[in-house]
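File shown: run.cif (mmCIF, C-alpha atoms).
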data_model
#
loop_
_atom_site.label_atom_id
_atom_site.label_comp_id
_atom_site.auth_asym_id
_atom_site.auth_seq_id
_atom_site.Cartn_x
_atom_site.Cartn_y
_atom_site.Cartn_z
CA MET A 63 1.18 33.22 -17.06
CA LEU A 64 4.74 32.01 -17.00
CA ARG A 65 7.23 33.81 -14.81
CA SER A 66 9.24 34.94 -17.85
CA GLN A 67 6.15 36.84 -19.07
CA VAL A 68 5.59 38.73 -15.82
CA THR A 69 6.56 42.37 -16.05
CA LYS A 70 7.04 44.83 -13.21
CA PRO A 71 7.59 48.57 -13.33
CA PRO A 72 10.89 49.54 -11.72
CA ASP A 73 11.15 50.35 -8.02
CA MET A 74 7.73 49.03 -7.06
CA LYS A 75 7.29 48.79 -3.31
CA THR A 76 5.06 46.28 -1.55
CA ALA A 77 4.32 46.11 2.18
CA HIS A 78 2.98 42.97 3.82
CA LEU A 79 1.12 43.67 7.06
CA THR A 80 0.36 41.38 10.01
CA SER A 81 -0.57 42.03 13.60
CA ALA A 82 -0.90 38.36 14.52
CA HIS A 83 1.62 36.18 12.66
CA PRO A 84 5.27 35.70 13.60
CA ARG A 85 7.79 37.62 11.52
CA TYR A 86 9.19 34.49 9.88
CA ASP A 87 5.78 33.00 9.12
CA THR A 88 6.09 30.33 6.45
CA ARG A 89 3.40 31.63 4.10
CA ILE A 90 4.06 35.33 4.58
CA PHE A 91 7.83 35.64 4.97
CA LEU A 92 9.45 32.45 3.70
CA LYS A 93 7.26 32.17 0.61
CA GLN A 94 5.49 35.35 -0.47
CA CYS A 95 7.91 38.04 0.75
CA ARG A 96 11.04 36.18 -0.33
CA SER A 97 9.55 35.35 -3.73
CA LEU A 98 8.66 38.98 -4.39
CA ALA A 99 12.07 40.22 -3.19
CA ALA A 100 13.84 37.67 -5.40
CA ASN A 101 11.91 38.99 -8.39
CA GLY A 102 12.79 42.65 -8.02
CA TYR A 103 10.21 44.10 -5.66
CA ALA A 104 11.22 46.31 -2.73
CA VAL A 105 9.53 44.31 0.04
CA SER A 106 8.69 45.44 3.57
CA LEU A 107 7.01 43.37 6.24
CA VAL A 108 5.25 45.10 9.14
CA VAL A 109 4.86 42.87 12.21
CA ALA A 110 3.78 43.44 15.82
CA ASP A 111 5.97 41.19 17.94
CA GLY A 112 8.15 43.62 19.90
CA ARG A 113 11.39 42.14 18.57
CA GLY A 114 12.59 45.23 16.75
CA ASP A 115 13.37 46.16 13.16
CA GLU A 116 15.73 44.18 10.95
CA GLU A 117 16.76 43.39 7.39
CA ARG A 118 16.66 39.74 6.32
CA ASP A 119 16.82 38.04 2.93
CA GLY A 120 16.40 41.39 1.19
CA ILE A 121 13.25 42.20 3.18
CA THR A 122 12.84 45.17 5.52
CA ILE A 123 11.06 44.02 8.69
CA SER A 124 9.38 46.87 10.59
CA ASP A 125 8.14 46.15 14.12
CA ALA A 126 5.04 48.02 15.28
CA GLY A 127 5.41 46.77 18.86
CA TYR A 128 3.72 44.00 20.83
CA SER A 129 0.41 44.14 22.71
CA PRO A 130 -0.56 41.08 24.79
CA GLY A 131 -4.04 39.63 24.42
CA ARG A 132 -6.39 39.40 21.44
CA PHE A 133 -8.40 42.49 22.44
CA ASN A 134 -5.30 44.68 22.62
CA ARG A 135 -3.99 43.20 19.37
CA ILE A 136 -7.21 44.15 17.57
CA PHE A 137 -7.57 47.66 18.98
CA GLU A 138 -3.97 48.73 19.63
CA SER A 139 -1.56 46.76 17.46
CA THR A 140 -3.57 47.35 14.30
CA GLN A 141 -3.32 51.12 14.69
CA ARG A 142 0.44 50.92 15.20
CA VAL A 143 0.69 48.66 12.15
CA LEU A 144 -1.20 51.30 10.16
CA ARG A 145 1.20 54.03 11.28
CA ARG A 146 4.25 52.01 10.30
CA ALA A 147 2.60 51.02 7.03
CA THR A 148 1.81 54.59 5.98
CA GLU A 149 5.41 55.62 6.73
CA LEU A 150 6.56 53.10 4.10
CA ASN A 151 4.47 54.73 1.33
CA ALA A 152 4.25 51.44 -0.59
CA ASP A 153 2.58 50.91 -3.96
CA ILE A 154 0.79 47.71 -2.82
CA TYR A 155 -0.32 46.82 0.70
CA HIS A 156 -0.90 43.11 1.33
CA LEU A 157 -2.96 42.37 4.48
CA HIS A 158 -2.72 39.00 6.24
CA ASP A 159 -5.20 39.23 9.15
CA PRO A 160 -8.98 39.81 9.29
CA GLU A 161 -8.53 42.51 11.95
CA LEU A 162 -6.51 44.53 9.43
CA ILE A 163 -9.45 44.89 7.02
CA PRO A 164 -10.51 48.25 8.55
CA ILE A 165 -7.04 49.73 8.04
CA GLY A 166 -7.15 48.36 4.49
CA LEU A 167 -10.16 50.60 3.90
CA ARG A 168 -8.22 53.54 5.32
CA LEU A 169 -5.32 52.80 2.99
CA LYS A 170 -7.77 52.71 0.08
CA LYS A 171 -8.93 56.22 1.03
CA MET A 172 -5.28 57.27 0.74
CA GLY A 173 -5.31 56.03 -2.86
CA LYS A 174 -3.28 52.87 -2.23
CA ARG A 175 -3.64 49.47 -3.86
CA VAL A 176 -4.72 46.93 -1.23
CA ILE A 177 -4.77 43.12 -1.29
CA PHE A 178 -6.45 41.00 1.38
CA ASP A 179 -4.93 37.55 1.91
CA ALA A 180 -7.61 35.18 3.25
CA HIS A 181 -5.67 32.47 5.07
CA GLU A 182 -8.93 31.17 6.60
CA ASP A 183 -12.67 31.55 6.13
CA PHE A 184 -12.97 33.69 9.25
CA PRO A 185 -16.79 33.63 9.66
CA LYS A 186 -16.67 29.83 9.54
CA GLN A 187 -13.75 29.87 11.95
CA LEU A 188 -15.90 31.87 14.40
CA LEU A 189 -18.60 29.18 14.22
CA GLY A 190 -16.04 26.67 15.49
CA LYS A 191 -15.47 28.50 18.79
CA PRO A 192 -18.02 26.88 21.16
CA TYR A 193 -17.04 28.97 24.20
CA LEU A 194 -18.77 32.01 22.66
CA GLY A 195 -22.22 30.34 22.65
CA PRO A 196 -24.29 29.42 19.55
CA VAL A 197 -26.47 32.56 19.38
CA ARG A 198 -23.56 34.96 19.83
CA LEU A 199 -21.49 32.96 17.36
CA ARG A 200 -24.11 33.20 14.63
CA MET A 201 -24.56 36.93 15.22
CA LEU A 202 -20.80 37.62 15.16
CA ALA A 203 -20.24 35.45 12.09
CA ALA A 204 -23.10 37.13 10.20
CA ALA A 205 -21.93 40.63 11.16
CA PHE A 206 -18.35 40.00 10.15
CA SER A 207 -19.40 38.28 6.94
CA GLY A 208 -21.35 41.38 5.91
CA PHE A 209 -18.45 43.68 6.73
CA GLU A 210 -16.02 41.38 4.92
CA ARG A 211 -18.14 41.50 1.75
CA TYR A 212 -18.41 45.30 1.94
CA ALA A 213 -14.66 45.82 2.38
CA CYS A 214 -13.34 43.15 0.02
CA ARG A 215 -15.39 44.48 -2.90
CA ARG A 216 -13.42 47.70 -2.53
CA PHE A 217 -9.98 46.12 -2.37
CA ASP A 218 -7.89 45.78 -5.52
CA GLY A 219 -7.48 42.05 -5.13
CA ILE A 220 -7.99 39.02 -2.92
CA VAL A 221 -5.51 36.20 -2.38
CA ALA A 222 -7.15 33.00 -1.13
CA ALA A 223 -5.21 30.21 0.55
CA THR A 224 -7.44 27.38 -0.73
CA PRO A 225 -9.80 26.75 -3.66
CA THR A 226 -12.78 26.68 -1.27
CA ILE A 227 -11.93 30.13 0.10
CA GLY A 228 -11.22 31.28 -3.45
CA ARG A 229 -14.73 30.35 -4.65
CA LYS A 230 -16.25 32.37 -1.83
CA PHE A 231 -14.22 35.51 -2.55
CA LYS A 232 -14.54 35.24 -6.33
CA ALA A 233 -18.24 35.96 -5.86
CA ILE A 234 -17.30 39.08 -3.85
CA ASN A 235 -14.38 40.38 -5.89
CA PRO A 236 -13.62 39.00 -9.37
CA GLN A 237 -9.97 39.96 -8.91
CA THR A 238 -9.35 36.88 -6.74
CA VAL A 239 -6.52 34.36 -7.08
CA VAL A 240 -5.86 31.12 -5.19
CA ILE A 241 -2.29 30.94 -3.88
CA ASN A 242 -2.05 27.59 -2.13
CA ASN A 243 0.27 27.24 0.85
CA PHE A 244 2.25 24.44 -0.77
CA PRO A 245 5.76 23.46 0.41
CA LEU A 246 9.12 24.73 -0.74
CA PRO A 247 10.65 21.76 -2.59
CA GLY A 248 13.36 20.01 -0.61
CA GLU A 249 13.00 22.20 2.50
CA LEU A 250 11.70 19.36 4.69
CA ASN A 251 13.51 16.44 3.11
CA GLY A 252 15.60 15.11 5.99
CA GLY A 253 16.92 12.20 3.94
CA VAL A 254 16.67 9.65 6.79
CA PRO A 255 16.61 6.09 5.32
CA TRP A 256 13.49 4.15 6.23
CA GLY A 257 15.58 1.46 7.88
CA SER A 258 16.95 4.08 10.29
CA LYS A 259 13.63 5.71 11.25
CA GLN A 260 12.20 5.52 14.74
CA THR A 261 8.82 3.86 15.31
CA GLU A 262 7.41 7.31 15.79
CA VAL A 263 4.59 9.44 14.44
CA CYS A 264 4.49 13.22 14.63
CA TYR A 265 2.09 16.11 14.83
CA VAL A 266 3.37 19.56 13.83
CA GLY A 267 1.48 22.81 14.46
CA GLY A 268 -0.81 24.48 16.96
CA ILE A 269 -2.40 21.99 19.36
CA SER A 270 -6.06 22.21 20.39
CA ALA A 271 -9.20 20.20 21.04
CA MET A 272 -10.61 21.20 17.64
CA ARG A 273 -7.46 19.89 15.99
CA GLY A 274 -8.01 16.50 17.57
CA ILE A 275 -5.48 16.30 20.39
CA ARG A 276 -7.83 14.48 22.80
CA GLU A 277 -8.48 11.69 20.30
CA ILE A 278 -4.81 11.46 19.31
CA ILE A 279 -3.60 11.02 22.90
CA ALA A 280 -6.45 8.57 23.59
CA ALA A 281 -5.30 6.58 20.54
CA MET A 282 -1.75 6.44 21.86
CA GLY A 283 -3.05 4.72 24.97
CA THR A 284 -4.57 1.82 23.00
CA LEU A 285 -1.84 1.06 20.43
CA GLN A 286 -0.81 -2.52 19.77
CA SER A 287 2.50 -1.45 18.24
CA SER A 288 5.46 0.21 19.98
CA ALA A 289 4.92 3.57 18.24
CA ARG A 290 5.45 6.83 20.07
CA LEU A 291 4.15 10.32 19.30
CA THR A 292 6.11 13.57 19.13
CA LEU A 293 4.25 16.89 19.27
CA ALA A 294 5.90 19.99 17.83
CA GLY A 295 3.74 22.99 18.63
CA GLU A 296 2.14 24.94 21.43
CA PHE A 297 -1.16 24.17 23.17
CA PHE A 298 -3.87 26.76 22.58
CA GLU A 299 -5.88 25.76 25.67
CA ALA A 300 -4.26 25.23 29.08
CA GLU A 301 -7.19 23.15 30.33
CA VAL A 302 -6.97 20.79 27.34
CA GLU A 303 -3.22 20.44 27.86
CA ALA A 304 -3.78 19.44 31.51
CA GLU A 305 -6.52 17.02 30.50
CA VAL A 306 -4.52 15.11 27.87
CA LYS A 307 -1.43 14.96 30.08
CA ALA A 308 -3.50 12.90 32.54
CA LEU A 309 -4.39 10.30 29.89
CA PRO A 310 -2.48 6.98 29.63
CA GLY A 311 -1.38 7.82 26.08
CA TRP A 312 0.70 10.73 27.36
CA ASN A 313 3.27 8.20 28.57
CA ARG A 314 4.00 7.47 24.91
CA THR A 315 4.13 11.14 23.93
CA SER A 316 6.98 13.67 23.76
CA ALA A 317 6.04 17.35 23.63
CA LEU A 318 8.69 19.66 22.19
CA GLY A 319 6.75 22.92 22.19
CA PHE A 320 7.43 25.37 19.38
CA VAL A 321 10.38 24.37 17.18
CA ASP A 322 12.11 26.01 14.21
CA ARG A 323 11.95 24.77 10.65
CA GLU A 324 15.20 22.81 10.88
CA ARG A 325 13.88 20.89 13.87
CA VAL A 326 10.60 20.29 12.03
CA ARG A 327 12.58 18.82 9.13
CA ASP A 328 14.53 16.54 11.46
CA LEU A 329 11.38 15.44 13.29
CA MET A 330 9.54 14.57 10.11
CA GLY A 331 12.62 12.84 8.79
CA GLN A 332 12.76 10.40 11.70
CA SER A 333 8.99 9.73 11.72
CA ILE A 334 7.00 7.06 9.91
CA ALA A 335 3.81 9.16 9.60
CA GLY A 336 2.35 12.59 10.26
CA LEU A 337 -1.02 13.26 11.87
CA VAL A 338 -3.61 15.84 10.81
CA THR A 339 -6.93 14.67 12.30
CA PHE A 340 -8.87 17.92 12.65
CA HIS A 341 -12.49 17.81 13.81
CA PRO A 342 -15.25 18.15 11.16
CA LEU A 343 -15.92 21.86 11.74
CA PRO A 344 -17.02 24.31 9.02
CA ASN A 345 -13.60 25.93 8.76
CA HIS A 346 -11.78 22.59 8.55
CA ILE A 347 -13.77 20.62 6.00
CA GLY A 348 -12.74 22.76 3.03
CA ALA A 349 -9.28 23.65 4.36
CA GLN A 350 -5.91 22.48 3.05
CA PRO A 351 -3.63 22.42 6.13
CA SER A 352 -0.06 23.20 5.20
CA LYS A 353 1.15 20.41 7.49
CA MET A 354 -0.56 17.87 5.23
CA PHE A 355 1.55 18.89 2.25
CA GLU A 356 4.64 19.29 4.43
CA TYR A 357 4.33 15.66 5.55
CA MET A 358 4.09 14.71 1.88
CA SER A 359 7.13 16.83 1.05
CA ALA A 360 9.07 15.11 3.83
CA GLY A 361 8.23 11.72 2.30
CA ILE A 362 6.10 10.38 5.15
CA PRO A 363 2.50 9.13 4.87
CA ILE A 364 -0.38 11.13 6.31
CA ILE A 365 -3.02 10.00 8.79
CA ALA A 366 -5.77 12.51 7.99
CA SER A 367 -9.43 13.25 8.67
CA ASN A 368 -11.79 11.59 6.24
CA PHE A 369 -13.20 14.81 4.75
CA SER A 370 -14.09 14.58 1.08
CA LEU A 371 -11.44 17.08 -0.08
CA TRP A 372 -8.74 15.47 2.05
CA ARG A 373 -9.61 12.00 0.78
CA GLU A 374 -9.20 13.27 -2.80
CA ILE A 375 -5.66 14.40 -1.97
CA VAL A 376 -4.56 11.58 0.34
CA GLU A 377 -6.27 8.57 -1.20
CA GLY A 378 -6.08 10.02 -4.70
CA ASN A 379 -2.30 10.09 -4.44
CA ASP A 380 -2.09 6.91 -2.30
CA CYS A 381 -0.03 8.83 0.24
CA GLY A 382 -1.71 8.00 3.52
CA LEU A 383 -4.79 6.85 5.39
CA CYS A 384 -8.03 8.73 6.12
CA VAL A 385 -9.90 8.07 9.35
CA ASP A 386 -12.82 9.38 11.39
CA PRO A 387 -11.08 12.09 13.46
CA LEU A 388 -13.54 11.60 16.35
CA ASP A 389 -12.73 7.86 16.63
CA SER A 390 -9.56 7.27 18.65
CA THR A 391 -9.73 3.53 17.85
CA ALA A 392 -9.58 4.29 14.12
CA ILE A 393 -6.62 6.63 14.65
CA ALA A 394 -4.82 3.96 16.68
CA SER A 395 -5.50 1.34 13.99
CA ALA A 396 -3.99 3.60 11.31
CA ILE A 397 -0.87 4.24 13.42
CA ASP A 398 -0.46 0.51 14.10
CA ASP A 399 -0.94 -0.28 10.39
CA LEU A 400 1.89 2.03 9.29
CA ALA A 401 4.12 1.13 12.25
CA THR A 402 3.97 -2.57 11.43
CA ASN A 403 3.99 -2.27 7.62
CA ARG A 404 7.10 -0.24 6.86
CA HIS A 405 7.07 -1.08 3.14
CA LYS A 406 3.52 0.25 2.87
CA ALA A 407 4.46 3.38 4.82
CA GLN A 408 7.52 3.94 2.63
CA ARG A 409 5.53 3.49 -0.58
CA MET A 410 2.92 6.00 0.57
CA GLY A 411 5.62 8.43 1.68
CA ASP A 412 7.34 8.19 -1.70
CA ASN A 413 4.01 8.78 -3.45
CA GLY A 414 3.40 11.90 -1.40
CA ARG A 415 6.81 13.35 -2.20
CA LYS A 416 6.28 12.69 -5.93
CA ALA A 417 2.90 14.46 -5.78
CA VAL A 418 4.50 17.51 -4.15
CA MET A 419 7.24 17.64 -6.75
CA SER A 420 4.73 17.47 -9.60
CA GLN A 421 1.77 19.58 -8.42
CA TYR A 422 1.73 20.67 -4.76
CA ASN A 423 4.79 22.94 -4.62
CA TRP A 424 5.52 26.61 -3.99
CA PRO A 425 7.25 27.45 -7.32
CA LEU A 426 3.94 26.86 -9.11
CA GLU A 427 2.17 29.13 -6.62
CA GLU A 428 4.95 31.73 -6.86
CA ASP A 429 4.29 32.13 -10.57
CA LYS A 430 0.61 32.83 -9.79
CA LEU A 431 1.57 35.39 -7.14
CA LEU A 432 3.92 37.26 -9.48
CA SER A 433 1.35 37.25 -12.29
CA PHE A 434 -1.31 38.58 -9.90
CA TYR A 435 0.92 41.44 -8.74
CA SER A 436 1.79 42.29 -12.32
CA LEU A 437 -1.90 42.39 -13.26
CA LEU A 438 -2.77 44.67 -10.32
CA LEU A 439 0.01 47.08 -11.20
CA GLN A 440 -1.18 47.28 -14.80
CA SER A 441 -4.77 47.99 -13.71
CA PRO A 442 -6.03 51.30 -12.30
CA SER A 443 -6.52 51.33 -8.53
CA LYS A 444 -10.16 51.11 -7.42
#

As C-alpha cells, what does this structure read like?
Amino acid sequence: MLRSQVTKPPDMKTAHLTSAHPRYDTRIFLKQCRSLAANGYAVSLVVADGRGDEERDGITISDAGYSPGRFNRIFESTQRVLRRATELNADIYHLHDPELIPIGLRLKKMGKRVIFDAHEDFPKQLLGKPYLGPVRLRMLAAAFSGFERYACRRFDGIVAATPTIGRKFKAINPQTVVINNFPLPGELNGGVPWGSKQTEVCYVGGISAMRGIREIIAAMGTLQSSARLTLAGEFFEAEVEAEVKALPGWNRTSALGFVDRERVRDLMGQSIAGLVTFHPLPNHIGAQPSKMFEYMSAGIPIIASNFSLWREIVEGNDCGLCVDPLDSTAIASAIDDLATNRHKAQRMGDNGRKAVMSQYNWPLEEDKLLSFYSLLLQSPSK
C-alpha cells in the first residue's frame, strides 16, 4: 500500500515500550517513532534509563526509571514500564523487548491493541550463550519458544526485523509484517573523497566474542598493508576485552567506545571498509545486521561473514567481500585487498550506496509500517 492510501482515524495514540534499549535507539526512536509522529500519530515512548521525561521530535518520552543488571531489568523495570504505559491509555502498544511479552498479555486483558516487535529470534539467541551450558540452554530456549508462541498468537500483530524472523512469526500469527532495519537515506553519507580517506577499516556496534572481535584483532596483527582498525562500540565481556588488548593487533587498533550518530557518520566516511564478521551461530545466520546496510549507505565496502543470506546481499550487489569469520587470515587478506586496491574499494562502496538508494532504505519500510498500523486500526482487537 502506498503512503497516500494509508488512512488513520484522528487522535490515535501509540506507545512504544522498551526496558532495554536506549531512548534514541535507531530502529525504535529515529525510524519508527519519528515516522509515526510525522504522519499524524500521537507517539509516546516509554524507556527505563533513569534520564527523565522529555519531548523530542514530536515524541513524548516517559522514563520508568533505571534498574541495574539483567535480573532487575526483567523483574523490576518491566513492571514500572507497565505502570507508565497504562497511564498513557494508548490505542496501540508496540513492545520492543522479549521480557515485555508478559505485560503485553496484561495489556490485552485491558482491551488494548498490542504489537510485538521481534528484533531478534530470541530462542536462537539463547542457544548462542555458551556460558549457560548446553542442557540449560536447550531447556530455556524450548520453554521460551512455547511461551512466545502462546503470547504472540494473542497479540494483534507482529513486526519482524528480518524476513527469516518474519517467516517464523507468520506461522504463529498471520498478522505479521517484515519491517527491515534499513538506513535513513543520506544520514551516514560523510562525503569524504576517496583520495582523502585514511587507510582505515571500522567496526561499529556492540563488541563481543560472538561478533568476531578475537579474529578481527588477530587479523590486524598479520596485515601486510598499513591499515588500522577503529572500533566504535562497547565491549560486552570484560574478559574478552582484556584478552584482545594483549594481542599484537591491538597496536593497530583505536577503541572509541560508544559514539553518537554524527561520530559514526564521520568514522565511516574516513574508512575504506566496514567489518561485520559475526560467528556462524543460529541467531546470526539468518540475521540482517543494521551495520551492514549502514556501511553500504555510507558508501564503503563490507567485509562480511560468508553466510548464504549475507553473500546474496554483499556479492549479489558487488559491494564487498565475504570471508570465513573464524579465519583471521581470511579477514586479514580481505582488509589488505581493499587497502591496496582503492579503485576496487570505491567501486564496491558506490555499488552499496546505489543498492541502499534503490531497495534497502527506510522510506520503503516506513510505508509498510504505516500500512500495518492502518490495517490494525481498521480491524477489531483480538

Quiz prompt | Exercise: Pro160 in chain A partners within 9 Å, all atoms listed in the file, chain neighbours under 4 positions left out, as a VMD selection string | solution = chain A and resid 164 178 to 180 184 210

Exercise. Please write as a ChimeraX atom specification the full residue list that the PyMOL selection byres ((chain A and resi 249) around 9) yields on this file.
Key: /A:245-248,250-252,323-324,327,359-360

Once you have the residues from the selection above, write them out as a PDB file, in the coordinates of the input, restricted to C-alpha atoms.
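In the end it all went to result-v3.pdb:
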ATOM      1  CA  PRO A 245       5.760  23.460   0.410  1.00  0.00           C
ATOM      2  CA  LEU A 246       9.120  24.730  -0.740  1.00  0.00           C
ATOM      3  CA  PRO A 247      10.650  21.760  -2.590  1.00  0.00           C
ATOM      4  CA  GLY A 248      13.360  20.010  -0.610  1.00  0.00           C
ATOM      5  CA  LEU A 250      11.700  19.360   4.690  1.00  0.00           C
ATOM      6  CA  ASN A 251      13.510  16.440   3.110  1.00  0.00           C
ATOM      7  CA  GLY A 252      15.600  15.110   5.990  1.00  0.00           C
ATOM      8  CA  ARG A 323      11.950  24.770  10.650  1.00  0.00           C
ATOM      9  CA  GLU A 324      15.200  22.810  10.880  1.00  0.00           C
ATOM     10  CA  ARG A 327      12.580  18.820   9.130  1.00  0.00           C
ATOM     11  CA  SER A 359       7.130  16.830   1.050  1.00  0.00           C
ATOM     12  CA  ALA A 360       9.070  15.110   3.830  1.00  0.00           C
TER      13      ALA A 360
END

Quiz item: Using only C-alpha atoms, which residues sit within 8 Å of Ala281 in chain A once same-chain residues fewer than 2 positions away are excluded, as a list in words?
Solution: Glu277, Ile278, Ile279, Gly283, Thr284, Leu285, Gly311, Ser390, Thr391, Ile393 and Ala394 of chain A

Quiz item: For Leu400 in chain A, which residue out of A:Glu182, A:Glu301, A:Glu377, A:Glu262 is the nearest one, using only C-alpha atoms?
Solution: A:Glu262

Exercise. Find the spatial neighbours of Ser287 in chain A, counting only C-alpha atoms, within a cut-off of 8 Å - ignore same-chain residues fewer than 2 positions away - and output them as an MDAnalysis selection string.
Key: chainID A and resid 285 289 398 401:402

Quiz item: Nearest to Ser352 in chain A among A:Arg85, A:Arg175, A:Lys406, A:His181, with distances taken over all atoms listed in the file: which residue is it?
Solution: A:His181

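Between CA of Val254 in chain A and CA of Asn413 in chain A lies a distance of 16.3 Å.
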
Write out N, CA and C atoms for range 95-114 of chain A, as a PDB file, in the coordinates of the input.
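The resulting file, out.pdb, is shown below:
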ATOM      1  N   CYS A  95       6.972  36.907   0.698  1.00  0.00           N
ATOM      2  CA  CYS A  95       7.910  38.040   0.750  1.00  0.00           C
ATOM      3  C   CYS A  95       9.223  37.701   0.043  1.00  0.00           C
ATOM      4  N   ARG A  96       9.765  36.528   0.305  1.00  0.00           N
ATOM      5  CA  ARG A  96      11.040  36.180  -0.330  1.00  0.00           C
ATOM      6  C   ARG A  96      10.891  36.019  -1.835  1.00  0.00           C
ATOM      7  N   SER A  97       9.761  35.483  -2.286  1.00  0.00           N
ATOM      8  CA  SER A  97       9.550  35.350  -3.730  1.00  0.00           C
ATOM      9  C   SER A  97       9.488  36.713  -4.400  1.00  0.00           C
ATOM     10  N   LEU A  98       8.766  37.643  -3.806  1.00  0.00           N
ATOM     11  CA  LEU A  98       8.660  38.980  -4.390  1.00  0.00           C
ATOM     12  C   LEU A  98      10.009  39.688  -4.383  1.00  0.00           C
ATOM     13  N   ALA A  99      10.745  39.572  -3.269  1.00  0.00           N
ATOM     14  CA  ALA A  99      12.070  40.220  -3.190  1.00  0.00           C
ATOM     15  C   ALA A  99      13.020  39.636  -4.221  1.00  0.00           C
ATOM     16  N   ALA A 100      12.953  38.321  -4.435  1.00  0.00           N
ATOM     17  CA  ALA A 100      13.840  37.670  -5.400  1.00  0.00           C
ATOM     18  C   ALA A 100      13.513  38.062  -6.837  1.00  0.00           C
ATOM     19  N   ASN A 101      12.323  38.613  -7.041  1.00  0.00           N
ATOM     20  CA  ASN A 101      11.910  38.990  -8.390  1.00  0.00           C
ATOM     21  C   ASN A 101      11.808  40.506  -8.560  1.00  0.00           C
ATOM     22  N   GLY A 102      12.585  41.240  -7.761  1.00  0.00           N
ATOM     23  CA  GLY A 102      12.790  42.650  -8.020  1.00  0.00           C
ATOM     24  C   GLY A 102      11.936  43.637  -7.270  1.00  0.00           C
ATOM     25  N   TYR A 103      11.007  43.174  -6.440  1.00  0.00           N
ATOM     26  CA  TYR A 103      10.210  44.100  -5.660  1.00  0.00           C
ATOM     27  C   TYR A 103      10.975  44.571  -4.427  1.00  0.00           C
ATOM     28  N   ALA A 104      10.731  45.811  -4.016  1.00  0.00           N
ATOM     29  CA  ALA A 104      11.220  46.310  -2.730  1.00  0.00           C
ATOM     30  C   ALA A 104      10.173  45.905  -1.695  1.00  0.00           C
ATOM     31  N   VAL A 105      10.517  44.937  -0.838  1.00  0.00           N
ATOM     32  CA  VAL A 105       9.530  44.310   0.040  1.00  0.00           C
ATOM     33  C   VAL A 105       9.763  44.722   1.489  1.00  0.00           C
ATOM     34  N   SER A 106       8.689  45.180   2.132  1.00  0.00           N
ATOM     35  CA  SER A 106       8.690  45.440   3.570  1.00  0.00           C
ATOM     36  C   SER A 106       7.665  44.535   4.222  1.00  0.00           C
ATOM     37  N   LEU A 107       7.938  44.170   5.447  1.00  0.00           N
ATOM     38  CA  LEU A 107       7.010  43.370   6.240  1.00  0.00           C
ATOM     39  C   LEU A 107       6.810  44.063   7.574  1.00  0.00           C
ATOM     40  N   VAL A 108       5.575  44.473   7.856  1.00  0.00           N
ATOM     41  CA  VAL A 108       5.250  45.100   9.140  1.00  0.00           C
ATOM     42  C   VAL A 108       4.669  44.031  10.057  1.00  0.00           C
ATOM     43  N   VAL A 109       5.290  43.860  11.223  1.00  0.00           N
ATOM     44  CA  VAL A 109       4.860  42.870  12.210  1.00  0.00           C
ATOM     45  C   VAL A 109       4.589  43.590  13.532  1.00  0.00           C
ATOM     46  N   ALA A 110       4.082  42.836  14.514  1.00  0.00           N
ATOM     47  CA  ALA A 110       3.780  43.440  15.820  1.00  0.00           C
ATOM     48  C   ALA A 110       4.192  42.461  16.915  1.00  0.00           C
ATOM     49  N   ASP A 111       5.494  42.173  16.969  1.00  0.00           N
ATOM     50  CA  ASP A 111       5.970  41.190  17.940  1.00  0.00           C
ATOM     51  C   ASP A 111       6.915  41.746  18.998  1.00  0.00           C
ATOM     52  N   GLY A 112       7.284  43.022  18.904  1.00  0.00           N
ATOM     53  CA  GLY A 112       8.150  43.620  19.900  1.00  0.00           C
ATOM     54  C   GLY A 112       9.607  43.212  19.811  1.00  0.00           C
ATOM     55  N   ARG A 113      10.014  42.617  18.701  1.00  0.00           N
ATOM     56  CA  ARG A 113      11.390  42.140  18.570  1.00  0.00           C
ATOM     57  C   ARG A 113      12.294  43.090  17.788  1.00  0.00           C
ATOM     58  N   GLY A 114      11.764  44.228  17.398  1.00  0.00           N
ATOM     59  CA  GLY A 114      12.590  45.230  16.750  1.00  0.00           C
ATOM     60  C   GLY A 114      12.643  45.103  15.240  1.00  0.00           C
TER      61      GLY A 114
END
